[in-house]
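Structure, as structure tokens:
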4 protein chains.
Amino acid sequence: MNYHQILKDIYNQIQITIEVGEVANYIPALQNCDPNDFAMSITLIDGTTYNIGNYNHKFSIQSISKVFAYTKALSLMNGRLNQRVGVEPSGDPFNSLIQLEHEEGIPRNPFINAGAIVITDILLSYYLDKDTSFDRFLQFVRNVSDNENIHFNEEVYKSEIQTGHRNIASAELMKSFGNIENQVSDVIESYFKHCSLEMSTSELSRSILFLANNGVDPLTKKEILTSQQASRVKAVMLTCGHYDASGDFAYHVGLPGKSGVGGGIVAVVPGIMSISVYSPRLNSWGNSYSGTKALDIFTNLTGYSIF
Amino acid sequence: MNYHQILKDIYNQIQITIEVGEVANYIPALQNCDPNDFAMSITLIDGTTYNIGNYNHKFSIQSISKVFAYTKALSLMNGRLNQRVGVEPSGDPFNSLIQLEHEEGIPRNPFINAGAIVITDILLSYYLDKDTSFDRFLQFVRNVSDNENIHFNEEVYKSEIQTGHRNIASAELMKSFGNIENQVSDVIESYFKHCSLEMSTSELSRSILFLANNGVDPLTKKEILTSQQASRVKAVMLTCGHYDASGDFAYHVGLPGKSGVGGGIVAVVPGIMSISVYSPRLNSWGNSYSGTKALDIFTNLTGYSIF
Amino acid sequence: MNYHQILKDIYNQIQITIEVGEVANYIPALQNCDPNDFAMSITLIDGTTYNIGNYNHKFSIQSISKVFAYTKALSLMNGRLNQRVGVEPSGDPFNSLIQLEHEEGIPRNPFINAGAIVITDILLSYYLDKDTSFDRFLQFVRNVSDNENIHFNEEVYKSEIQTGHRNIASAELMKSFGNIENQVSDVIESYFKHCSLEMSTSELSRSILFLANNGVDPLTKKEILTSQQASRVKAVMLTCGHYDASGDFAYHVGLPGKSGVGGGIVAVVPGIMSISVYSPRLNSWGNSYSGTKALDIFTNLTGYSIF
Amino acid sequence: MNYHQILKDIYNQIQITIEVGEVANYIPALQNCDPNDFAMSITLIDGTTYNIGNYNHKFSIQSISKVFAYTKALSLMNGRLNQRVGVEPSGDPFNSLIQLEHEEGIPRNPFINAGAIVITDILLSYYLDKDTSFDRFLQFVRNVSDNENIHFNEEVYKSEIQTGHRNIASAELMKSFGNIENQVSDVIESYFKHCSLEMSTSELSRSILFLANNGVDPLTKKEILTSQQASRVKAVMLTCGHYDASGDFAYHVGLPGKSGVGGGIVAVVPGIMSISVYSPRLNSWGNSYSGTKALDIFTNLTGYSIF
């Protein structure tokens, strides 16, 4: 298949509506971007890569970091993880406290904020030392990505911390139900550092290649997850990866994916490739407008739906 | 792959817990069954079939009929369908009225009862005559299934009608929002007839073979759906096919599927086969206990997760 | 106290905002009224009456009928009534099904629609014959009101029946929980007849005089309720009489009251008087805008809050 | 009326069920009490007092402190207060975050925890200095109570702080909506000090005598509130004073009241007296079991319902 031409076609088609949607405005730091920017990268199992647009531009990966955190937690805890966090779609916006209250502090899935906060708490307990915990997680992400040049953005992090009252609320609520082990402030600081990681589409696409290859990085041969665990991460990406538009993404795109409010999306074609796309304007569910559209076109052109 | 041996292995493994779970008790007619019964059938694209257990026993397919109704409605309306019913997982039990009220009468997806009632309303408007409407739908199911020997069970139907107050409530609520076009009583009668269809696992597996083959029945060559529509039906099965255990089914089994409270489940391995399993004892989410377990074992043995 | 002057002062003060709010539009028949109409009547324990405005104009009493129905049901069942309907404010709009689903078919209180539907079901079971049931209830209202000239409006009734899907939904939902004994259609027809009763402010004020006098009509000496029962009806009026603006009405007016979407309100000053006011434009909670304001002015001028 | 005899009768009648209910167990410090303890005090407008039981025993007044805080805030802000907190019954348990999320951070009323936290925030802004803020509030309570011997319990306070995650969650959620002005930790510390105040029934009854006398302490002649403000505090006590059993309390007791999870209740007979009762075992809504019963008997014996 001529991926180069496919990326070009996508690039052309999305230009028509590149000004639709709004850049995330809940923290000022996320607005430091070109709202009409676009980039897309695909990485085949054999390492061949195709890129288009501003694919070396590092952006805030935000909730895409939840894939790395969940990957690490699942590799540590496997089935025991479901005592702390579920795997069901939430049916509510990404930051709702309602379901949390109804279900006694067990978040619906690891890809809503509350679920990722519990995952962060699990990692904090595992890494033991709160001062070095984030560095060790960052080292894990670099290892998975085969890329030492991944950092978090201090300005975004500080901005998140200042406005993160709702995430703190959900952590305190879960702590009241006994589902947070560490100090809430430590968990939240670590969680916001995860969200503040910066990567380009070419880096992101490369970093999740292991998910396209049954849990093993096909280039470095590192076994990040077992094949079954990799399937499960992808299953949760499909059912829960786009907040309350997850069903819509499965319906139109048909690939396991995860979006971030910074405008990035990652997706996986099992056995074939990993994909990342970036465009900062968001649709009403908080997912990249042009990024979603690009992936929709991609599966139409390639026939690469998993269904 | 030795499917015969795989079915035998599954049959043996599920015997250990065959007495776990309860048969549906909301209508008396559903209790006329052997609670420890089990059957499983697979149909390959080339028509080869493998069966085990009581695979010629006809049981009440209940909500599995929603797959046929949705298939027909999608073939008629395609994208316009989303003005009447969504494609998002509900996060609530199968018969909840809460989301319906919050979302102004638009049901979350076509596989919860409210969604299937809207689909039934759409078919009733299409078939025009309420007296022959169900017969025409039944003829569609027979056509899809290449099987004239499919009927509905009068006793089950009457039992449903007598106890269906909650479904009527949800139809009336949707009518108050303008999302039901026909008389509520006509819609509900038709809906309960759909639920009262009876099929065996061998019949059910055969009937959805078109979903495994991009919408075209590979044996009769009938085009039931376009390839894209078939993908979409499977996407909704994956995200919404097991009520509020859909995420769990995707996580453990990893196949598009749809369960019925009568104890049946259908599932699809795209490009390879369709599957049906039956065992009437249900887990706490209303899905067949042993049926779910059988499919979990099946994907473990075959590696046939879509992820 | 110079009640004549007080009514005049109120009449003048409310004129300023008499065009604020909207007449109920959910059924066409309710719009057959002068939107800027106003009437107010008070009836002292000794029978002295004071009126102002269009006080002989009969309007649709709508939910004010719930006071008569609850009065009858409480006199029949007393404490046993709380197995069928609660006495707590709902915190939700008057026609919500959400709480009904959470609380297994037991409506929060007798003054939301669902609660009044249960009360109607109780009266239907008591009066036995569904064909004469409403006539017997009407006779009860006439008896309480010492007024044979009370009727229901056929046009309003038919209009309600045609658009009453949400009320039918809530009755069907309660029936699914076992909290409706009779046929839903019979209960709903009777309920809508209650709502379609027509009375003027002078008639309404007179009709609830028994509540101002410990349950006994001070003029006819009929004992409608025991003193304790009368207190309880007034307690429920105070906490639940104005849907989800009940707290606001208690805060600003400080009297037990009940509003109807037709624009009427009744209120009681225990030991002193009963009051009725009418003005068809409604505030955002479905209560008469000028009627609420008139009662607010009334308690400010007289100091007749119960607090 | 022979109040002495009435208190004796109540004391005897409640003994039969004095072992029903459970002492609050969410903080260890509240369990340091005799579970079968009982005390009741009434204070007439002229200052005459009647007591029975352990009426000099100081207990944790907990949520009864919300009456003092609301009184102070209403005297400061009057009608402007409703931009920060409503006056509607909540229909949900005392510590639910659900309504808070639906209503964008505006708590339903000042007597649920979230509402009292907003009130505390208002007082903190008014008193300016967070270090002396609580002392100034304590001085206000002493002034209202004409009693310098009122203190807070350090052990209870520390216990609350350690387990108060849900209250912190609700403060953080409100801050995310912009309805908390100060640091959440400062507000919460102050709030828990309010809850940790200790008073006896004789002190509590005396302290709210101003509410029985139109806002003016009849003995010291201090004007705590205007007459209208006092009516409003009592209206909110009636509709919201007993969490989601407020309607039941109005129905059975018929007096404005406020309960605390420490086992205390205060109530007011407007124009006649103030009342306090104490018994630490709670009913399922978190209100004193024997205290509620004692007040029920009291209004039956005296006829002192406001209805």
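Residue numbers start at 1 in each chain; chains themselves are named A, B, ... in the order of the structure tokens; ligands are numbered from 1 in the order shown.
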Based on only C-alpha atoms, which of the residues in chain C come within 12 Å of chain B? I want them as a short mmCIF file (atom, residue, chain, number, x, y, z; two decimals) with all heavy atoms, in the first residue's frame.
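Writing the result to iface36.cif gives the following:
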data_model
loop_
_atom_site.label_atom_id
_atom_site.label_comp_id
_atom_site.auth_asym_id
_atom_site.auth_seq_id
_atom_site.Cartn_x
_atom_site.Cartn_y
_atom_site.Cartn_z
N TYR C 26 -47.69 23.21 27.33
CA TYR C 26 -47.56 21.79 26.98
C TYR C 26 -48.88 21.21 26.45
O TYR C 26 -48.88 20.19 25.77
CB TYR C 26 -46.99 20.97 28.15
CG TYR C 26 -47.95 20.72 29.26
CD1 TYR C 26 -48.61 19.50 29.39
CD2 TYR C 26 -48.21 21.71 30.20
CE1 TYR C 26 -49.49 19.28 30.41
CE2 TYR C 26 -49.10 21.50 31.22
CZ TYR C 26 -49.74 20.28 31.32
OH TYR C 26 -50.62 20.06 32.33
N PRO C 93 -37.22 17.99 39.03
CA PRO C 93 -38.43 18.56 38.44
C PRO C 93 -39.64 17.66 38.65
O PRO C 93 -39.52 16.48 38.93
CB PRO C 93 -38.08 18.69 36.96
CG PRO C 93 -36.62 18.78 36.92
CD PRO C 93 -36.14 17.91 38.05
N ASN C 95 -41.70 16.08 36.96
CA ASN C 95 -42.05 14.89 36.19
C ASN C 95 -40.85 13.97 35.95
O ASN C 95 -40.82 13.22 34.99
CB ASN C 95 -42.70 15.28 34.87
CG ASN C 95 -41.81 16.24 34.10
OD1 ASN C 95 -40.66 16.46 34.47
ND2 ASN C 95 -42.33 16.77 33.02
N SER C 96 -39.88 14.01 36.84
CA SER C 96 -38.67 13.21 36.65
C SER C 96 -38.91 11.74 36.95
O SER C 96 -39.56 11.38 37.92
CB SER C 96 -37.57 13.74 37.56
OG SER C 96 -36.47 12.88 37.53
N LEU C 97 -38.34 10.88 36.13
CA LEU C 97 -38.43 9.44 36.38
C LEU C 97 -37.20 8.89 37.09
O LEU C 97 -37.15 7.73 37.47
CB LEU C 97 -38.62 8.68 35.06
CG LEU C 97 -40.04 8.62 34.51
CD1 LEU C 97 -40.38 9.88 33.75
CD2 LEU C 97 -40.24 7.41 33.65
N ILE C 98 -36.21 9.76 37.26
CA ILE C 98 -34.93 9.28 37.76
C ILE C 98 -35.06 8.77 39.20
O ILE C 98 -34.67 7.65 39.52
CB ILE C 98 -33.87 10.39 37.65
CG1 ILE C 98 -33.60 10.66 36.17
CG2 ILE C 98 -32.60 10.01 38.39
CD1 ILE C 98 -32.64 11.80 35.89
N GLN C 99 -35.63 9.61 40.08
CA GLN C 99 -35.75 9.19 41.47
C GLN C 99 -36.64 7.95 41.60
O GLN C 99 -36.40 7.08 42.42
CB GLN C 99 -36.31 10.34 42.30
CG GLN C 99 -35.35 10.71 43.41
CD GLN C 99 -35.55 12.12 43.90
OE1 GLN C 99 -36.47 12.82 43.51
NE2 GLN C 99 -34.67 12.55 44.78
N LEU C 100 -37.65 7.90 40.75
CA LEU C 100 -38.55 6.75 40.75
C LEU C 100 -37.79 5.46 40.49
O LEU C 100 -38.07 4.42 41.09
CB LEU C 100 -39.58 6.96 39.64
CG LEU C 100 -41.00 6.53 39.86
CD1 LEU C 100 -41.51 6.98 41.19
CD2 LEU C 100 -41.88 7.14 38.76
N GLU C 101 -36.84 5.53 39.59
CA GLU C 101 -36.07 4.34 39.27
C GLU C 101 -35.12 4.00 40.42
O GLU C 101 -35.01 2.84 40.81
CB GLU C 101 -35.29 4.56 37.97
CG GLU C 101 -34.49 3.33 37.58
CD GLU C 101 -34.03 3.35 36.13
OE1 GLU C 101 -34.54 4.17 35.34
OE2 GLU C 101 -33.17 2.53 35.81
N HIS C 102 -34.47 5.01 41.00
CA HIS C 102 -33.56 4.76 42.11
C HIS C 102 -34.28 4.21 43.33
O HIS C 102 -33.72 3.45 44.09
CB HIS C 102 -32.85 6.06 42.52
CG HIS C 102 -31.64 6.34 41.70
ND1 HIS C 102 -31.19 7.60 41.44
CD2 HIS C 102 -30.79 5.51 41.07
CE1 HIS C 102 -30.11 7.54 40.69
NE2 HIS C 102 -29.85 6.28 40.44
N GLU C 104 -37.10 2.43 43.48
CA GLU C 104 -37.92 1.25 43.22
C GLU C 104 -39.40 1.53 43.18
O GLU C 104 -40.21 0.79 43.77
CB GLU C 104 -37.58 0.17 44.26
CG GLU C 104 -36.08 -0.08 44.30
CD GLU C 104 -35.72 -1.48 44.74
OE1 GLU C 104 -36.47 -2.06 45.53
OE2 GLU C 104 -34.67 -1.97 44.26
N GLY C 105 -39.77 2.57 42.47
CA GLY C 105 -41.18 2.79 42.20
C GLY C 105 -41.97 3.48 43.29
O GLY C 105 -43.18 3.61 43.19
N ILE C 161 -54.70 13.83 27.91
CA ILE C 161 -54.62 12.41 27.54
C ILE C 161 -53.75 12.23 26.30
O ILE C 161 -52.95 11.30 26.21
CB ILE C 161 -56.05 11.85 27.30
CG1 ILE C 161 -56.72 11.51 28.62
CG2 ILE C 161 -56.02 10.63 26.38
CD1 ILE C 161 -56.22 10.23 29.27
N GLN C 162 -53.90 13.15 25.35
CA GLN C 162 -53.17 13.01 24.09
C GLN C 162 -51.67 13.26 24.24
O GLN C 162 -50.88 12.79 23.44
CB GLN C 162 -53.74 13.96 23.04
CG GLN C 162 -54.88 13.35 22.25
CD GLN C 162 -55.65 14.42 21.50
OE1 GLN C 162 -55.08 15.42 21.07
NE2 GLN C 162 -56.94 14.23 21.35
N THR C 163 -51.29 14.03 25.23
CA THR C 163 -49.88 14.42 25.33
C THR C 163 -49.24 13.88 26.61
O THR C 163 -48.15 14.28 26.97
CB THR C 163 -49.75 15.95 25.34
OG1 THR C 163 -50.51 16.46 26.44
CG2 THR C 163 -50.26 16.55 24.04
N GLY C 164 -49.93 12.93 27.26
CA GLY C 164 -49.49 12.54 28.60
C GLY C 164 -48.50 11.40 28.64
O GLY C 164 -48.48 10.64 29.61
N HIS C 165 -47.66 11.28 27.60
CA HIS C 165 -46.79 10.12 27.52
C HIS C 165 -45.83 10.00 28.69
O HIS C 165 -45.52 8.90 29.14
CB HIS C 165 -46.03 10.13 26.20
CG HIS C 165 -46.94 10.03 25.02
ND1 HIS C 165 -47.64 8.88 24.73
CD2 HIS C 165 -47.32 10.94 24.09
CE1 HIS C 165 -48.39 9.08 23.67
NE2 HIS C 165 -48.23 10.32 23.26
N ARG C 166 -45.36 11.11 29.19
CA ARG C 166 -44.41 11.03 30.29
C ARG C 166 -45.09 10.55 31.57
O ARG C 166 -44.53 9.78 32.34
CB ARG C 166 -43.76 12.39 30.51
CG ARG C 166 -42.67 12.36 31.54
CD ARG C 166 -42.06 13.73 31.68
NE ARG C 166 -40.97 13.90 30.75
CZ ARG C 166 -39.68 13.73 31.11
NH1 ARG C 166 -39.37 13.39 32.34
NH2 ARG C 166 -38.73 13.89 30.23
N ASN C 167 -46.31 11.00 31.81
CA ASN C 167 -47.03 10.50 32.98
C ASN C 167 -47.36 9.02 32.83
O ASN C 167 -47.30 8.27 33.81
CB ASN C 167 -48.31 11.32 33.20
CG ASN C 167 -47.99 12.69 33.78
OD1 ASN C 167 -47.27 12.81 34.76
ND2 ASN C 167 -48.51 13.74 33.16
N ILE C 168 -47.72 8.60 31.63
CA ILE C 168 -47.95 7.17 31.41
C ILE C 168 -46.65 6.40 31.66
O ILE C 168 -46.64 5.35 32.31
CB ILE C 168 -48.47 6.91 29.98
CG1 ILE C 168 -49.79 7.66 29.77
CG2 ILE C 168 -48.65 5.41 29.73
CD1 ILE C 168 -50.31 7.61 28.33
N ALA C 169 -45.54 6.96 31.16
CA ALA C 169 -44.24 6.31 31.38
C ALA C 169 -44.00 6.12 32.87
O ALA C 169 -43.58 5.04 33.31
CB ALA C 169 -43.12 7.16 30.76
N SER C 170 -44.28 7.15 33.66
CA SER C 170 -43.99 7.01 35.09
C SER C 170 -44.96 6.01 35.74
O SER C 170 -44.57 5.26 36.63
CB SER C 170 -43.93 8.38 35.75
OG SER C 170 -45.04 8.66 36.50
N ALA C 171 -46.21 5.96 35.28
CA ALA C 171 -47.15 4.96 35.82
C ALA C 171 -46.70 3.54 35.45
O ALA C 171 -46.74 2.63 36.28
CB ALA C 171 -48.55 5.24 35.29
N GLU C 172 -46.26 3.35 34.20
CA GLU C 172 -45.79 2.03 33.78
C GLU C 172 -44.55 1.61 34.57
O GLU C 172 -44.39 0.46 34.95
CB GLU C 172 -45.48 2.02 32.27
CG GLU C 172 -46.69 2.19 31.37
CD GLU C 172 -47.53 0.91 31.23
OE1 GLU C 172 -47.13 -0.14 31.75
OE2 GLU C 172 -48.60 0.99 30.59
N LEU C 173 -43.67 2.58 34.80
CA LEU C 173 -42.47 2.28 35.58
C LEU C 173 -42.84 1.86 37.00
O LEU C 173 -42.33 0.86 37.53
CB LEU C 173 -41.55 3.51 35.61
CG LEU C 173 -40.21 3.35 36.32
CD1 LEU C 173 -39.39 2.22 35.73
CD2 LEU C 173 -39.41 4.65 36.26
N MET C 174 -43.78 2.58 37.61
CA MET C 174 -44.21 2.20 38.96
C MET C 174 -44.92 0.85 38.94
O MET C 174 -44.79 0.06 39.87
CB MET C 174 -45.11 3.29 39.55
CG MET C 174 -44.32 4.58 39.84
SD MET C 174 -45.27 5.81 40.78
CE MET C 174 -46.41 6.37 39.52
N LYS C 175 -45.67 0.59 37.90
CA LYS C 175 -46.34 -0.72 37.80
C LYS C 175 -45.30 -1.84 37.70
O LYS C 175 -45.47 -2.91 38.29
CB LYS C 175 -47.31 -0.77 36.62
CG LYS C 175 -48.15 -2.05 36.62
CD LYS C 175 -49.50 -1.88 35.96
CE LYS C 175 -50.35 -3.14 36.10
NZ LYS C 175 -51.32 -3.07 37.20
N SER C 176 -44.19 -1.56 37.00
CA SER C 176 -43.14 -2.58 36.89
C SER C 176 -42.54 -2.90 38.27
O SER C 176 -42.02 -3.97 38.50
CB SER C 176 -42.05 -2.14 35.91
OG SER C 176 -41.15 -1.23 36.50
N PHE C 177 -42.61 -1.93 39.18
CA PHE C 177 -42.13 -2.15 40.56
C PHE C 177 -43.26 -2.63 41.48
O PHE C 177 -43.05 -2.75 42.68
CB PHE C 177 -41.53 -0.87 41.13
CG PHE C 177 -40.16 -0.52 40.60
CD1 PHE C 177 -39.97 0.59 39.80
CD2 PHE C 177 -39.06 -1.30 40.91
CE1 PHE C 177 -38.72 0.93 39.32
CE2 PHE C 177 -37.80 -0.97 40.45
CZ PHE C 177 -37.62 0.14 39.65
N GLY C 178 -44.46 -2.81 40.93
CA GLY C 178 -45.56 -3.30 41.75
C GLY C 178 -46.28 -2.23 42.55
O GLY C 178 -47.05 -2.54 43.46
N ASN C 179 -46.06 -0.95 42.23
CA ASN C 179 -46.68 0.11 43.03
C ASN C 179 -47.92 0.73 42.37
O ASN C 179 -48.37 1.79 42.79
CB ASN C 179 -45.65 1.18 43.40
CG ASN C 179 -46.09 2.04 44.57
OD1 ASN C 179 -46.90 1.60 45.38
ND2 ASN C 179 -45.59 3.25 44.66
N ILE C 180 -48.46 0.09 41.35
CA ILE C 180 -49.76 0.49 40.77
C ILE C 180 -50.61 -0.77 40.74
O ILE C 180 -50.18 -1.80 40.20
CB ILE C 180 -49.59 1.08 39.34
CG1 ILE C 180 -48.81 2.39 39.37
CG2 ILE C 180 -50.95 1.27 38.65
CD1 ILE C 180 -49.55 3.58 39.96
N GLN C 183 -55.26 -1.01 36.23
CA GLN C 183 -54.80 -0.80 34.87
C GLN C 183 -54.22 0.60 34.73
O GLN C 183 -54.85 1.57 35.14
CB GLN C 183 -55.98 -0.91 33.89
CG GLN C 183 -56.52 -2.31 33.69
CD GLN C 183 -55.70 -3.08 32.66
OE1 GLN C 183 -55.03 -2.48 31.82
NE2 GLN C 183 -55.73 -4.40 32.76
N VAL C 184 -53.06 0.71 34.13
CA VAL C 184 -52.43 2.02 33.97
C VAL C 184 -53.36 3.00 33.25
O VAL C 184 -53.50 4.16 33.65
CB VAL C 184 -51.09 1.90 33.22
CG1 VAL C 184 -50.61 3.26 32.71
CG2 VAL C 184 -50.03 1.29 34.15
#
(request) For stretch 208-220 of chain A, work out the shell of residues within 8 Å, counting only C-alpha atoms and skipping chain neighbours fewer than 3 positions away, then give it as JSON, numbers by chain. (result) {"A": [43, 44, 45, 46, 47, 144, 145, 146, 204, 205, 223, 224, 225, 226, 227, 228, 229, 230, 231, 234, 268, 269, 270, 271, 272, 273, 274]}
(message) Env of D:Gly79: 12 Å cut, atoms = only C-alpha atoms, seq-sep filter 6 positions within chain, self excluded. Answer as a count of residues only.
(response) 10
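Atom pair atom CA of A:Thr201 / atom CA of A:Tyr3: separated by 15.7 Å.
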(message) So that I can check the surroundings of A:Ser125, please list as a ChimeraX atom specification every protein, DNA and RNA residue that reaches within 12 Å of it, counting only C-alpha atoms and ignoring chain neighbours fewer than 6 positions away.
(response) /A:73,76,118-119,131-134,180-183,186-187,190
Just C-alpha atoms for this one: save the residues we selected as a PDB file, in the first residue's frame.
ATOM      1  CA  ALA A  73       0.430  -0.998  35.976  1.00  0.00           C
ATOM      2  CA  LEU A  76       2.907  -5.176  37.434  1.00  0.00           C
ATOM      3  CA  VAL A 118      -5.631   5.404  40.740  1.00  0.00           C
ATOM      4  CA  ILE A 119      -3.077   3.995  38.287  1.00  0.00           C
ATOM      5  CA  ASP A 131      10.711  12.090  44.950  1.00  0.00           C
ATOM      6  CA  THR A 132      12.091   9.724  42.329  1.00  0.00           C
ATOM      7  CA  SER A 133       8.808   8.084  41.324  1.00  0.00           C
ATOM      8  CA  PHE A 134       8.111  10.287  38.343  1.00  0.00           C
ATOM      9  CA  ILE A 180      -5.918   5.886  47.136  1.00  0.00           C
ATOM     10  CA  GLU A 181      -2.966   4.657  49.196  1.00  0.00           C
ATOM     11  CA  ASN A 182      -0.596   7.616  49.067  1.00  0.00           C
ATOM     12  CA  GLN A 183      -0.930  11.289  49.964  1.00  0.00           C
ATOM     13  CA  ASP A 186       1.834  13.355  45.893  1.00  0.00           C
ATOM     14  CA  VAL A 187      -0.456  11.374  43.601  1.00  0.00           C
ATOM     15  CA  SER A 190       2.800  12.787  39.752  1.00  0.00           C
TER      16      SER A 190
END
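Listed by chain and then by rising number, the residues of stretch 164-274 of chain B that DSSP assigns to strand (DSSP E or B) from the backbone are Leu197, Glu198, Met199, Val216, Glu223, Gly257, Lys258, Ser259, Gly264, Ile265, Val266, Ala267, Val268, Val269, Met273 and Ser274 of chain B.
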Near A:Val67, counting only C-alpha atoms, which residues have an atom at most 8 Å away, once you skip same-chain residues fewer than 6 positions from it, shown as a PDB file with all heavy atoms, in the first residue's frame?
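Generated output (selection12.pdb):
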ATOM      1  N   PHE A 111      -8.750   5.050  31.685  1.00  0.00           N
ATOM      2  CA  PHE A 111      -8.551   6.144  30.729  1.00  0.00           C
ATOM      3  C   PHE A 111      -9.399   7.374  31.017  1.00  0.00           C
ATOM      4  O   PHE A 111      -9.341   8.358  30.296  1.00  0.00           O
ATOM      5  CB  PHE A 111      -8.771   5.644  29.296  1.00  0.00           C
ATOM      6  CG  PHE A 111      -7.717   4.672  28.834  1.00  0.00           C
ATOM      7  CD1 PHE A 111      -7.955   3.809  27.767  1.00  0.00           C
ATOM      8  CD2 PHE A 111      -6.473   4.611  29.455  1.00  0.00           C
ATOM      9  CE1 PHE A 111      -6.975   2.918  27.340  1.00  0.00           C
ATOM     10  CE2 PHE A 111      -5.490   3.701  29.041  1.00  0.00           C
ATOM     11  CZ  PHE A 111      -5.745   2.857  27.978  1.00  0.00           C
ATOM     12  N   VAL A 233      -4.959  -4.064  26.749  1.00  0.00           N
ATOM     13  CA  VAL A 233      -4.764  -2.610  26.655  1.00  0.00           C
ATOM     14  C   VAL A 233      -5.506  -2.088  25.424  1.00  0.00           C
ATOM     15  O   VAL A 233      -6.228  -1.081  25.501  1.00  0.00           O
ATOM     16  CB  VAL A 233      -3.265  -2.261  26.575  1.00  0.00           C
ATOM     17  CG1 VAL A 233      -3.069  -0.776  26.244  1.00  0.00           C
ATOM     18  CG2 VAL A 233      -2.559  -2.601  27.885  1.00  0.00           C
ATOM     19  N   LYS A 258      -6.325   6.248  21.529  1.00  0.00           N
ATOM     20  CA  LYS A 258      -6.413   7.065  22.754  1.00  0.00           C
ATOM     21  C   LYS A 258      -6.106   8.501  22.381  1.00  0.00           C
ATOM     22  O   LYS A 258      -5.103   8.780  21.726  1.00  0.00           O
ATOM     23  CB  LYS A 258      -5.399   6.574  23.806  1.00  0.00           C
ATOM     24  CG  LYS A 258      -5.454   7.364  25.121  1.00  0.00           C
ATOM     25  CD  LYS A 258      -6.653   6.984  25.960  1.00  0.00           C
ATOM     26  CE  LYS A 258      -7.061   8.072  26.952  1.00  0.00           C
ATOM     27  NZ  LYS A 258      -7.889   9.147  26.346  1.00  0.00           N
TER      28      LYS A 258
END
(message) Just want the 12 Å neighbourhood of C:Trp285, counted on only C-alpha atoms, with same-chain residues fewer than 2 positions away dropped. Output as number ranges by chain.
(response) C: 21-22, 24, 91-95, 241-249, 259-261, 263, 281-283, 287-289, 292
(request) Show which residues sit within 12 Å of B:Val20, as a ChimeraX atom specification. Count only C-alpha atoms, and ignore same-chain residues fewer than 3 positions away. (result) /B:14-17,23,35-37,279-284,288-291,293
(request) May I have all residues of stretch 65-135 of chain C that DSSP, computed from the backbone, assigns to alpha helix (DSSP H), given as a ChimeraX atom specification? (result) /C:65-77,98-102,113-127,130-135
